[in-house]
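Report on one structure; see the data block that follows.
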Amino acid sequence: MIKKITTIFLLLALCTSCAPAYRTYNNTNKTVNFKNKEEAVDYFSKKYNYIREKIYFINPDETGSFMEYLVSQNTSYFYGITVSDTLKINSPSLKADNSCSGVVSKVINSENIDYKTEPTKISTFDLKNVQNKAIDFKKGKSVIFIISTKLGNSISKTIKKLSTQVTELEDPETDYYLICIDYYNN
């Protein structure tokens, strides 16, 4: 009898998707409508220990065009590394898989990485943090991550790990920024 029940449960497990269980466990596809930027910053700084001043937001009037731009760039959680306000690193390994944390980590930590550059339009968007400060893309290399409540715990922890690697470089000309794409009221 127990063998029969176990077999039935195994068959049910094989016939159903793991996606709902994974979404619940990892907290993916969670939709949060924040009252304002400050509430979003509080959420991400408390839940993932992100540095408040590193969290930026897109001007609500540019949200649609910014999202279209991210899609055109095949962005997952990692947009890329800008070297100026008009150029970003074009590494063959990043082109192959910009969602692999190992690949991103290698590019971040490589001092003598062999790369070319390609045009970027990210600096044309109005990105500001809660202090109303814009990202200075002309300052040096900018490692850009995209954050959202929809990404879940696993990717958010990966972003935290990678952003810590940028900090540990102790390079005054390399910084990172977190761009929140979640909805907030003005």
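Following the order of the structure tokens, first chain is A, next is B, and so on, with residues numbered from 1 inside each chain and ligands from 1 in the order they appear.
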
Return as a Markdown table the residues of stretch 70-109 of chain A lying at most 12 Å from stretch 147-155 of chain A, together with the closest atom-to-atom pair for each and the distance in Å to one decimal, counting only C-alpha atoms, with rows in chain order and ascending residue number.
| residue | atom | partner | partner_atom | distance |
| --- | --- | --- | --- | --- |
| A:Thr75 | CA | A:Ile147 | CA | 11.4 |
| A:Ser76 | CA | A:Leu151 | CA | 9.3 |
| A:Tyr77 | CA | A:Ile147 | CA | 6.6 |
| A:Phe78 | CA | A:Ile147 | CA | 9.0 |
| A:Tyr79 | CA | A:Ile147 | CA | 10.4 |
| A:Ser99 | CA | A:Ile155 | CA | 9.4 |
| A:Cys100 | CA | A:Ile155 | CA | 10.2 |
| A:Ser101 | CA | A:Ile155 | CA | 9.1 |

Write the residues of the preceding selection, restricted to C-alpha atoms, as a short mmCIF file (atom, residue, chain, number, x, y, z; two decimals), in the first residue's frame.
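Printed below is result.cif as written:
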data_model
loop_
_atom_site.label_atom_id
_atom_site.label_comp_id
_atom_site.auth_asym_id
_atom_site.auth_seq_id
_atom_site.Cartn_x
_atom_site.Cartn_y
_atom_site.Cartn_z
CA THR A 75 19.57 42.64 -20.87
CA SER A 76 18.73 40.28 -18.06
CA TYR A 77 19.87 41.57 -14.67
CA PHE A 78 23.23 42.81 -15.96
CA TYR A 79 23.15 45.68 -18.45
CA SER A 99 23.05 36.40 -17.45
CA CYS A 100 25.78 34.04 -16.21
CA SER A 101 27.22 35.39 -12.97
#

Need to verify the contact set: stretch 47-54 of chain A, 7 Å, only C-alpha atoms, exclusion of same-chain residues closer than 6 positions in sequence. Can you return it as a list in words?
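Counting only the stated atoms, we get Val41, Asn129, Ser156, Lys157, Lys160, Tyr177 and Leu178 of chain A.
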
Export of the given selection (C-alpha atoms) as a compact mmCIF listing (two decimals), in the first residue's frame:
# COMPACT_ATOMS: atom_id res chain seq x y z
CA VAL A 41 14.90 51.99 -1.65
CA ASN A 129 18.51 58.20 -7.01
CA SER A 156 19.13 39.61 -6.24
CA LYS A 157 21.74 37.77 -4.14
CA LYS A 160 24.73 41.76 -4.31
CA TYR A 177 24.79 51.28 -10.03
CA LEU A 178 21.48 49.51 -9.48

For the structure I just gave you, how does DSSP split stretch 144-174 of chain A - specifically, which residues are strand (DSSP E or B)? Reply as a PyMOL selection string.
chain A and resi 144-147+174

Since we have the selection now, will you write its residues out, keeping N, CA and C atoms, as an mmCIF file, in the first residue's frame?
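Below is the file part-v6.cif, written as the result:
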data_model
loop_
_atom_site.group_PDB
_atom_site.id
_atom_site.type_symbol
_atom_site.label_atom_id
_atom_site.label_comp_id
_atom_site.auth_asym_id
_atom_site.auth_seq_id
_atom_site.Cartn_x
_atom_site.Cartn_y
_atom_site.Cartn_z
ATOM 1 N N ILE A 144 26.550 48.307 -14.489
ATOM 2 C CA ILE A 144 25.119 48.578 -14.368
ATOM 3 C C ILE A 144 24.328 47.286 -14.188
ATOM 4 N N PHE A 145 23.589 47.221 -13.078
ATOM 5 C CA PHE A 145 22.695 46.102 -12.790
ATOM 6 C C PHE A 145 21.257 46.597 -12.830
ATOM 7 N N ILE A 146 20.357 45.723 -13.233
ATOM 8 C CA ILE A 146 18.926 46.012 -13.246
ATOM 9 C C ILE A 146 18.313 45.250 -12.079
ATOM 10 N N ILE A 147 17.565 45.951 -11.232
ATOM 11 C CA ILE A 147 16.933 45.281 -10.092
ATOM 12 C C ILE A 147 15.418 45.417 -10.191
ATOM 13 N N THR A 174 36.088 52.906 -11.064
ATOM 14 C CA THR A 174 35.086 51.886 -11.366
ATOM 15 C C THR A 174 34.046 51.894 -10.258
#

Which residues in stretch 20-167 of chain A does DSSP call helix (DSSP H, G or I)? List them as a ChimeraX atom specification.
/A:20-26,37-48,52-54,60-72,92-96,101-109,122-124,149-167

Atoms kept (C-alpha atoms) for selection, written as a compact mmCIF listing (two decimals), in the first residue's frame:
# COMPACT_ATOMS: atom_id res chain seq x y z
CA PRO A 20 5.04 27.28 -9.15
CA ALA A 21 7.10 25.78 -6.32
CA TYR A 22 10.25 27.53 -7.55
CA ARG A 23 8.44 30.89 -7.87
CA THR A 24 7.15 30.56 -4.32
CA TYR A 25 10.51 29.47 -2.89
CA ASN A 26 12.61 32.01 -4.80
CA LYS A 37 11.13 55.90 -4.55
CA GLU A 38 11.93 55.99 -0.84
CA GLU A 39 9.73 52.96 -0.17
CA ALA A 40 11.46 51.06 -2.99
CA VAL A 41 14.90 51.99 -1.65
CA ASP A 42 13.87 50.86 1.84
CA TYR A 43 12.67 47.54 0.46
CA PHE A 44 15.86 46.75 -1.48
CA SER A 45 18.24 48.03 1.17
CA LYS A 46 16.56 46.00 3.92
CA LYS A 47 15.86 42.83 1.96
CA TYR A 48 19.13 42.58 -0.01
CA ARG A 52 20.69 53.13 -0.79
CA GLU A 53 22.66 55.72 -2.77
CA LYS A 54 23.45 53.15 -5.49
CA PRO A 60 8.34 57.57 -15.30
CA ASP A 61 7.91 59.40 -18.62
CA GLU A 62 10.75 57.31 -20.08
CA THR A 63 9.79 53.91 -18.65
CA GLY A 64 8.42 52.50 -21.93
CA SER A 65 11.37 53.58 -24.06
CA PHE A 66 13.84 52.46 -21.36
CA MET A 67 12.27 48.99 -21.20
CA GLU A 68 12.34 48.74 -25.00
CA TYR A 69 16.01 49.73 -24.92
CA LEU A 70 16.83 47.07 -22.30
CA VAL A 71 15.08 44.42 -24.41
CA SER A 72 16.98 45.54 -27.53
CA PRO A 92 32.61 38.13 -26.63
CA SER A 93 31.92 36.24 -23.40
CA LEU A 94 29.30 38.79 -22.33
CA LYS A 95 27.63 38.64 -25.73
CA ALA A 96 27.40 34.87 -25.38
CA SER A 101 27.22 35.39 -12.97
CA GLY A 102 30.52 33.59 -13.63
CA VAL A 103 30.96 35.37 -16.95
CA VAL A 104 29.99 38.74 -15.44
CA SER A 105 32.38 38.16 -12.54
CA LYS A 106 35.28 37.41 -14.89
CA VAL A 107 34.66 40.62 -16.83
CA ILE A 108 34.37 42.68 -13.63
CA ASN A 109 37.56 41.26 -12.13
CA ILE A 122 21.96 54.40 -21.33
CA SER A 123 23.25 57.84 -20.37
CA THR A 124 20.52 59.47 -22.47
CA THR A 149 11.10 42.53 -7.18
CA LYS A 150 10.22 40.21 -10.08
CA LEU A 151 13.79 38.86 -10.30
CA GLY A 152 13.57 36.96 -7.03
CA ASN A 153 15.97 36.14 -4.24
CA SER A 154 18.54 34.16 -6.21
CA ILE A 155 19.29 36.82 -8.83
CA SER A 156 19.13 39.61 -6.24
CA LYS A 157 21.74 37.77 -4.14
CA THR A 158 23.88 37.34 -7.26
CA ILE A 159 23.66 41.09 -7.91
CA LYS A 160 24.73 41.76 -4.31
CA LYS A 161 27.70 39.39 -4.69
CA LEU A 162 28.79 40.97 -7.99
CA SER A 163 28.37 44.53 -6.72
CA THR A 164 30.53 43.61 -3.73
CA GLN A 165 33.20 42.41 -6.17
CA VAL A 166 33.16 45.84 -7.82
CA THR A 167 33.63 47.49 -4.41

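For the set A:Lys128, A:Lys35, A:Lys88, A:Lys121, the residue with the smallest atom-to-atom gap to A:Ile55 is A:Lys128, counting only C-alpha atoms.
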
Need the shell around A:Glu173: protein/DNA/RNA residues with any atom at most 7 Å away, counting only C-alpha atoms. Skip same-chain ones fewer than 3 positions apart. Format as number ranges by chain?
A: 139-141

Keeping N, CA and C atoms for every residue in the selection just given, could you write it to a file as an mmCIF file, in the first residue's frame?
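Once everything was written out, this is selection_0.cif:
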data_model
loop_
_atom_site.group_PDB
_atom_site.id
_atom_site.type_symbol
_atom_site.label_atom_id
_atom_site.label_comp_id
_atom_site.auth_asym_id
_atom_site.auth_seq_id
_atom_site.Cartn_x
_atom_site.Cartn_y
_atom_site.Cartn_z
ATOM 1 N N LYS A 139 32.661 59.509 -15.440
ATOM 2 C CA LYS A 139 33.608 59.392 -14.343
ATOM 3 C C LYS A 139 34.584 58.219 -14.492
ATOM 4 N N GLY A 140 34.205 57.184 -15.195
ATOM 5 C CA GLY A 140 35.017 55.980 -15.340
ATOM 6 C C GLY A 140 34.140 54.814 -15.739
ATOM 7 N N LYS A 141 34.553 53.614 -15.392
ATOM 8 C CA LYS A 141 33.738 52.441 -15.699
ATOM 9 C C LYS A 141 32.552 52.375 -14.750
#

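Atom to atom, atom CA of A:Thr31 and atom CA of A:Gln73 stand 23.5 Å apart.
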
Restricting to only C-alpha atoms, whichever of A:Leu169, A:Cys180, A:Ile81, A:Val130 is closest to A:Val143 is A:Ile81
